[in-house]
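Engineer: Enclosed is the structure file my_file_23.cif (mmCIF, C-alpha atoms; chains and numbers go by the auth columns).
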```
data_input
loop_
_atom_site.group_PDB
_atom_site.id
_atom_site.type_symbol
_atom_site.label_atom_id
_atom_site.label_comp_id
_atom_site.label_asym_id
_atom_site.label_seq_id
_atom_site.Cartn_x
_atom_site.Cartn_y
_atom_site.Cartn_z
_atom_site.B_iso_or_equiv
_atom_site.auth_seq_id
_atom_site.auth_asym_id
ATOM 1 C CA MET A 1 -75.994 2.742 42.057 0.00 1 A
ATOM 2 C CA LYS A 2 -74.290 -0.034 44.063 0.00 2 A
ATOM 3 C CA LYS A 3 -72.935 -1.603 40.837 0.00 3 A
ATOM 4 C CA ILE A 4 -71.281 1.676 39.803 0.00 4 A
ATOM 5 C CA ILE A 5 -69.636 2.145 43.205 0.00 5 A
ATOM 6 C CA ALA A 6 -68.520 -1.490 43.301 0.00 6 A
ATOM 7 C CA GLY A 7 -66.840 -1.049 39.898 0.00 7 A
ATOM 8 C CA ILE A 8 -64.737 1.959 40.953 0.00 8 A
ATOM 9 C CA PRO A 9 -62.070 -0.059 42.831 0.00 9 A
ATOM 10 C CA PHE A 10 -61.683 -2.339 39.793 0.00 10 A
ATOM 11 C CA ILE A 11 -61.136 0.663 37.511 0.00 11 A
ATOM 12 C CA LEU A 12 -58.567 2.143 39.921 0.00 12 A
ATOM 13 C CA ILE A 13 -56.657 -1.144 40.160 0.00 13 A
ATOM 14 C CA LEU A 14 -56.669 -1.497 36.375 0.00 14 A
ATOM 15 C CA ALA A 15 -55.392 2.070 35.922 0.00 15 A
ATOM 16 C CA LEU A 16 -52.614 1.583 38.476 0.00 16 A
ATOM 17 C CA ASN A 17 -51.521 -1.721 36.961 0.00 17 A
ATOM 18 C CA THR A 18 -51.440 -0.227 33.476 0.00 18 A
ATOM 19 C CA GLY A 19 -49.147 2.543 34.700 0.00 19 A
ATOM 20 C CA CYS A 20 -46.889 0.092 36.516 0.00 20 A
ATOM 21 C CA MET A 21 -46.546 -2.107 33.451 0.00 21 A
ATOM 22 C CA GLY A 22 -45.288 0.854 31.419 0.00 22 A
ATOM 23 C CA LEU A 23 -48.136 0.828 28.925 0.00 23 A
ATOM 24 C CA GLY A 24 -48.517 4.585 29.340 0.00 24 A
ATOM 25 C CA LYS A 25 -44.820 5.321 28.740 0.00 25 A
ATOM 26 C CA MET A 26 -43.997 7.265 25.583 0.00 26 A
ATOM 27 C CA ASP A 27 -40.667 7.144 23.799 0.00 27 A
ATOM 28 C CA SER A 28 -38.786 10.426 23.716 0.00 28 A
ATOM 29 C CA TYR A 29 -35.863 11.770 21.726 0.00 29 A
ATOM 30 C CA GLY A 30 -33.181 14.395 22.080 0.00 30 A
ATOM 31 C CA ALA A 31 -30.664 16.332 20.031 0.00 31 A
ATOM 32 C CA ALA A 32 -27.718 18.695 20.369 0.00 32 A
ATOM 33 C CA ALA A 33 -26.848 21.519 17.982 0.00 33 A
ATOM 34 C CA TYR A 34 -23.712 23.636 17.566 0.00 34 A
ATOM 35 C CA ALA A 35 -22.839 26.789 15.610 0.00 35 A
ATOM 36 C CA PRO A 36 -19.078 27.142 14.943 0.00 36 A
ATOM 37 C CA SER A 37 -19.271 30.869 14.137 0.00 37 A
ATOM 38 C CA THR A 38 -20.628 31.805 17.569 0.00 38 A
ATOM 39 C CA GLN A 39 -19.796 28.643 19.548 0.00 39 A
ATOM 40 C CA ASP A 40 -23.469 28.655 20.497 0.00 40 A
ATOM 41 C CA TRP A 41 -24.862 25.247 21.446 0.00 41 A
ATOM 42 C CA ARG A 42 -28.197 23.864 22.474 0.00 42 A
ATOM 43 C CA LEU A 43 -29.381 20.620 24.035 0.00 43 A
ATOM 44 C CA ARG A 44 -32.989 19.419 23.954 0.00 44 A
ATOM 45 C CA TRP A 45 -34.486 16.223 25.345 0.00 45 A
ATOM 46 C CA ARG A 46 -37.817 14.488 25.995 0.00 46 A
ATOM 47 C CA VAL A 47 -39.324 15.397 22.623 0.00 47 A
ATOM 48 C CA ALA A 48 -42.056 13.115 21.243 0.00 48 A
ATOM 49 C CA ASP A 49 -40.370 12.178 17.934 0.00 49 A
ATOM 50 C CA PRO A 50 -36.882 12.456 16.376 0.00 50 A
ATOM 51 C CA HIS A 51 -37.933 14.794 13.563 0.00 51 A
ATOM 52 C CA ARG A 52 -39.458 17.220 16.053 0.00 52 A
ATOM 53 C CA ALA A 53 -36.340 17.026 18.251 0.00 53 A
ATOM 54 C CA ARG A 54 -34.157 18.074 15.285 0.00 54 A
ATOM 55 C CA GLN A 55 -36.599 20.834 14.327 0.00 55 A
ATOM 56 C CA ARG A 56 -36.876 22.243 17.862 0.00 56 A
ATOM 57 C CA ILE A 57 -33.122 22.246 18.460 0.00 57 A
ATOM 58 C CA LEU A 58 -32.495 24.227 15.282 0.00 58 A
ATOM 59 C CA GLU A 59 -35.223 26.693 16.261 0.00 59 A
ATOM 60 C CA ASP A 60 -33.490 27.155 19.629 0.00 60 A
ATOM 61 C CA CYS A 61 -30.105 27.848 18.039 0.00 61 A
ATOM 62 C CA ALA A 62 -30.390 31.150 16.170 0.00 62 A
ATOM 63 C CA ALA A 63 -27.046 31.160 14.310 0.00 63 A
ATOM 64 C CA ALA A 64 -27.163 30.573 10.553 0.00 64 A
ATOM 65 C CA ASP A 65 -24.503 27.843 10.693 0.00 65 A
ATOM 66 C CA CYS A 66 -26.125 25.914 13.549 0.00 66 A
ATOM 67 C CA ARG A 67 -26.185 22.179 12.808 0.00 67 A
ATOM 68 C CA VAL A 68 -27.472 19.096 14.606 0.00 68 A
ATOM 69 C CA ILE A 69 -24.398 17.257 15.887 0.00 69 A
ATOM 70 C CA LEU A 70 -26.027 14.582 18.056 0.00 70 A
ATOM 71 C CA GLU A 71 -29.291 12.690 18.254 0.00 71 A
ATOM 72 C CA PHE A 72 -30.224 10.344 21.075 0.00 72 A
ATOM 73 C CA GLY A 73 -33.236 8.129 21.489 0.00 73 A
ATOM 74 C CA PRO A 74 -35.436 6.546 24.137 0.00 74 A
ATOM 75 C CA ASP A 75 -33.707 5.699 27.424 0.00 75 A
ATOM 76 C CA GLN A 76 -30.472 7.339 26.225 0.00 76 A
ATOM 77 C CA CYS A 77 -28.580 10.312 27.618 0.00 77 A
ATOM 78 C CA GLY A 78 -26.720 12.845 25.513 0.00 78 A
ATOM 79 C CA THR A 79 -24.410 15.829 25.847 0.00 79 A
ATOM 80 C CA LEU A 80 -21.540 17.717 24.262 0.00 80 A
ATOM 81 C CA ALA A 81 -18.150 19.054 25.307 0.00 81 A
ATOM 82 C CA LEU A 82 -16.344 22.131 23.973 0.00 82 A
ATOM 83 C CA GLY A 83 -12.745 23.227 24.332 0.00 83 A
ATOM 84 C CA GLN A 84 -9.869 24.998 22.589 0.00 84 A
ATOM 85 C CA GLY A 85 -9.976 23.409 19.139 0.00 85 A
ATOM 86 C CA GLY A 86 -12.152 20.537 20.300 0.00 86 A
ATOM 87 C CA LEU A 87 -15.767 19.490 20.127 0.00 87 A
ATOM 88 C CA GLY A 88 -17.144 16.186 21.332 0.00 88 A
ATOM 89 C CA VAL A 89 -20.542 14.575 21.611 0.00 89 A
ATOM 90 C CA GLY A 90 -21.552 11.713 23.841 0.00 90 A
ATOM 91 C CA ARG A 91 -24.434 9.299 24.054 0.00 91 A
ATOM 92 C CA GLY A 92 -24.894 6.648 26.732 0.00 92 A
ATOM 93 C CA ASP A 93 -27.191 4.743 29.036 0.00 93 A
ATOM 94 C CA THR A 94 -26.316 7.029 31.952 0.00 94 A
ATOM 95 C CA PRO A 95 -25.388 10.711 32.269 0.00 95 A
ATOM 96 C CA ALA A 96 -21.869 9.722 33.361 0.00 96 A
ATOM 97 C CA ALA A 97 -21.363 7.530 30.277 0.00 97 A
ATOM 98 C CA ALA A 98 -22.547 10.279 27.915 0.00 98 A
ATOM 99 C CA GLU A 99 -20.364 12.887 29.613 0.00 99 A
ATOM 100 C CA ALA A 100 -17.273 10.638 29.537 0.00 100 A
ATOM 101 C CA ALA A 101 -17.769 9.939 25.817 0.00 101 A
ATOM 102 C CA ALA A 102 -18.164 13.636 24.999 0.00 102 A
ATOM 103 C CA LEU A 103 -15.111 14.608 27.029 0.00 103 A
ATOM 104 C CA ALA A 104 -12.934 11.896 25.455 0.00 104 A
ATOM 105 C CA GLU A 105 -13.930 12.944 21.919 0.00 105 A
ATOM 106 C CA CYS A 106 -13.288 16.621 22.670 0.00 106 A
ATOM 107 C CA GLN A 107 -9.888 15.910 24.223 0.00 107 A
ATOM 108 C CA ARG A 108 -8.756 13.972 21.124 0.00 108 A
ATOM 109 C CA ALA A 109 -9.082 17.174 19.080 0.00 109 A
ATOM 110 C CA GLY A 110 -8.404 19.945 21.591 0.00 110 A
ATOM 111 C CA SER A 111 -7.720 21.000 25.150 0.00 111 A
ATOM 112 C CA ASP A 112 -9.469 22.663 28.103 0.00 112 A
ATOM 113 C CA CYS A 113 -12.667 20.773 27.300 0.00 113 A
ATOM 114 C CA ARG A 114 -15.756 21.417 29.373 0.00 114 A
ATOM 115 C CA VAL A 115 -18.719 19.100 29.391 0.00 115 A
ATOM 116 C CA ALA A 116 -22.352 20.204 29.565 0.00 116 A
ATOM 117 C CA ALA A 117 -24.446 18.200 32.032 0.00 117 A
ATOM 118 C CA ALA A 118 -26.020 15.274 30.206 0.00 118 A
ATOM 119 C CA GLU A 119 -29.790 15.045 29.835 0.00 119 A
ATOM 120 C CA CYS A 120 -31.733 11.806 29.488 0.00 120 A
ATOM 121 C CA ASN A 121 -34.912 10.660 27.738 0.00 121 A
ATOM 122 C CA ARG A 122 -36.571 8.930 30.650 0.00 122 A
#
```
Take the structure in the file and give it back as structure tokens.
Structural biologist:
Amino acid sequence: MKKIIAGIPFILILALNTGCMGLGKMDSYGAAAYAPSTQDWRLRWRVADPHRARQRILEDCAAADCRVILEFGPDQCGTLALGQGGLGVGRGDTPAAAEAAALAECQRAGSDCRVAAAECNR
């Protein structure tokens, strides 16, 4: 019985160190979809694999012409911006970088662009 109890602190230290070293971290993926006919859009993040992220985003967006317009991977942020005649997508290391990229792309094609808050795979 004493050997079992003595081994518990070792197991706890090992478990904590494994978590701190990032061995338990899983990659995650995200996607954005847009339907021109309805201007409906969806943003999904923290999905286990890129194929599933694309599949889930299209399930979320009910319009027949809904298409994936952005994919972003592990440790990336993504978003989109919509305006009068403009659509932009952005990917970056931070929410601010993704939002700035989406806004700039939207403003090149249109006006009155609004940016959705970026989401990150972290």
Engineer: Which one of A:Cys113, A:Val89, A:Arg108, A:Leu43 sits closest to Leu58 in chain A if you count all atoms listed in the file?
Structural biologist: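 Of the candidates, the smallest distance to Leu58 in chain A is held by A:Leu43.
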Engineer: Return as a compact mmCIF listing (two decimals) with C-alpha atoms, in the coordinates of the input the set of residues that the PyMOL selection byres ((chain A and resi 97) around 12) yields on the displayed structure.
Structural biologist:
```
# COMPACT_ATOMS: atom_id res chain seq x y z
CA GLN A 76 -30.47 7.34 26.22
CA CYS A 77 -28.58 10.31 27.62
CA GLY A 78 -26.72 12.84 25.51
CA THR A 79 -24.41 15.83 25.85
CA LEU A 80 -21.54 17.72 24.26
CA VAL A 89 -20.54 14.58 21.61
CA GLY A 90 -21.55 11.71 23.84
CA ARG A 91 -24.43 9.30 24.05
CA GLY A 92 -24.89 6.65 26.73
CA ASP A 93 -27.19 4.74 29.04
CA THR A 94 -26.32 7.03 31.95
CA PRO A 95 -25.39 10.71 32.27
CA ALA A 96 -21.87 9.72 33.36
CA ALA A 98 -22.55 10.28 27.92
CA GLU A 99 -20.36 12.89 29.61
CA ALA A 100 -17.27 10.64 29.54
CA ALA A 101 -17.77 9.94 25.82
CA ALA A 102 -18.16 13.64 25.00
CA LEU A 103 -15.11 14.61 27.03
CA ALA A 104 -12.93 11.90 25.46
CA VAL A 115 -18.72 19.10 29.39
CA ALA A 117 -24.45 18.20 32.03
CA ALA A 118 -26.02 15.27 30.21
CA GLU A 119 -29.79 15.04 29.84
CA CYS A 120 -31.73 11.81 29.49
```
Engineer: Evaluated on this file, the PyMOL selection byres ((chain A and resi 35) around 8) picks out some residues - which ones are they, written as a short mmCIF file (atom, residue, chain, number, x, y, z; two decimals) with C-alpha atoms, in the frame of the given file?
Structural biologist:
```cif
data_model
loop_
_atom_site.label_atom_id
_atom_site.label_comp_id
_atom_site.auth_asym_id
_atom_site.auth_seq_id
_atom_site.Cartn_x
_atom_site.Cartn_y
_atom_site.Cartn_z
CA ALA A 33 -26.85 21.52 17.98
CA TYR A 34 -23.71 23.64 17.57
CA PRO A 36 -19.08 27.14 14.94
CA SER A 37 -19.27 30.87 14.14
CA THR A 38 -20.63 31.80 17.57
CA GLN A 39 -19.80 28.64 19.55
CA ASP A 40 -23.47 28.66 20.50
CA TRP A 41 -24.86 25.25 21.45
CA CYS A 61 -30.10 27.85 18.04
CA ALA A 63 -27.05 31.16 14.31
CA ALA A 64 -27.16 30.57 10.55
CA ASP A 65 -24.50 27.84 10.69
CA CYS A 66 -26.12 25.91 13.55
CA ARG A 67 -26.18 22.18 12.81
#
```
Engineer: If you apply the PyMOL selection byres ((chain A and resi 48) around 12) to this file, what residues do you get, as a PyMOL selection string?
Structural biologist: chain A and resi 25-31+44-47+49-56+73-74+121-122
Engineer: Filtering to C-alpha atoms, could you give me those residues as a short mmCIF file (atom, residue, chain, number, x, y, z; two decimals), in the coordinates of the input?
Structural biologist:
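Saved to part_9.cif:
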```cif
data_model
loop_
_atom_site.label_atom_id
_atom_site.label_comp_id
_atom_site.auth_asym_id
_atom_site.auth_seq_id
_atom_site.Cartn_x
_atom_site.Cartn_y
_atom_site.Cartn_z
CA LYS A 25 -44.82 5.32 28.74
CA MET A 26 -44.00 7.26 25.58
CA ASP A 27 -40.67 7.14 23.80
CA SER A 28 -38.79 10.43 23.72
CA TYR A 29 -35.86 11.77 21.73
CA GLY A 30 -33.18 14.40 22.08
CA ALA A 31 -30.66 16.33 20.03
CA ARG A 44 -32.99 19.42 23.95
CA TRP A 45 -34.49 16.22 25.34
CA ARG A 46 -37.82 14.49 26.00
CA VAL A 47 -39.32 15.40 22.62
CA ASP A 49 -40.37 12.18 17.93
CA PRO A 50 -36.88 12.46 16.38
CA HIS A 51 -37.93 14.79 13.56
CA ARG A 52 -39.46 17.22 16.05
CA ALA A 53 -36.34 17.03 18.25
CA ARG A 54 -34.16 18.07 15.28
CA GLN A 55 -36.60 20.83 14.33
CA ARG A 56 -36.88 22.24 17.86
CA GLY A 73 -33.24 8.13 21.49
CA PRO A 74 -35.44 6.55 24.14
CA ASN A 121 -34.91 10.66 27.74
CA ARG A 122 -36.57 8.93 30.65
#
```
Engineer: Please determine an axis-aligned box that encloses all atoms of range 104-119 of chain A listed in the file, with 4 Å added on each side, and express its centre and edge lengths in Å to one decimal as JSON.
Structural biologist:
```
{"center_x": -18.8, "center_y": 17.3, "center_z": 25.6, "size_x": 30.1, "size_y": 18.8, "size_z": 21.0}
```
Engineer: Could you check how far CA of Asp112 in chain A sits from CA of Phe72 in chain A, in Å to one decimal?
Structural biologist: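 Atom-to-atom, CA of Asp112 in chain A and CA of Phe72 in chain A are spaced 25.1 Å apart.
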Engineer: Quick one: pull the distance between CA of Val68 in chain A and CA of Ser111 in chain A, Å, one decimal.
Structural biologist: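 Computing it gives 22.5 Å between the two atoms.
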Engineer: Report the distance between CA of Gly83 in chain A and CA of Arg42 in chain A in Å, rounded to one decimal place.
Structural biologist: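 So the two atoms, CA of Gly83 in chain A and CA of Arg42 in chain A, lie 15.6 Å apart.
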Engineer: Return the single residue from A:Leu82, A:Ala32, A:Glu71, A:Glu59 that is closest to Arg114 in chain A, with distances computed using only C-alpha atoms.
Structural biologist: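 That would be A:Leu82, the residue with the smallest distance to Arg114 in chain A.
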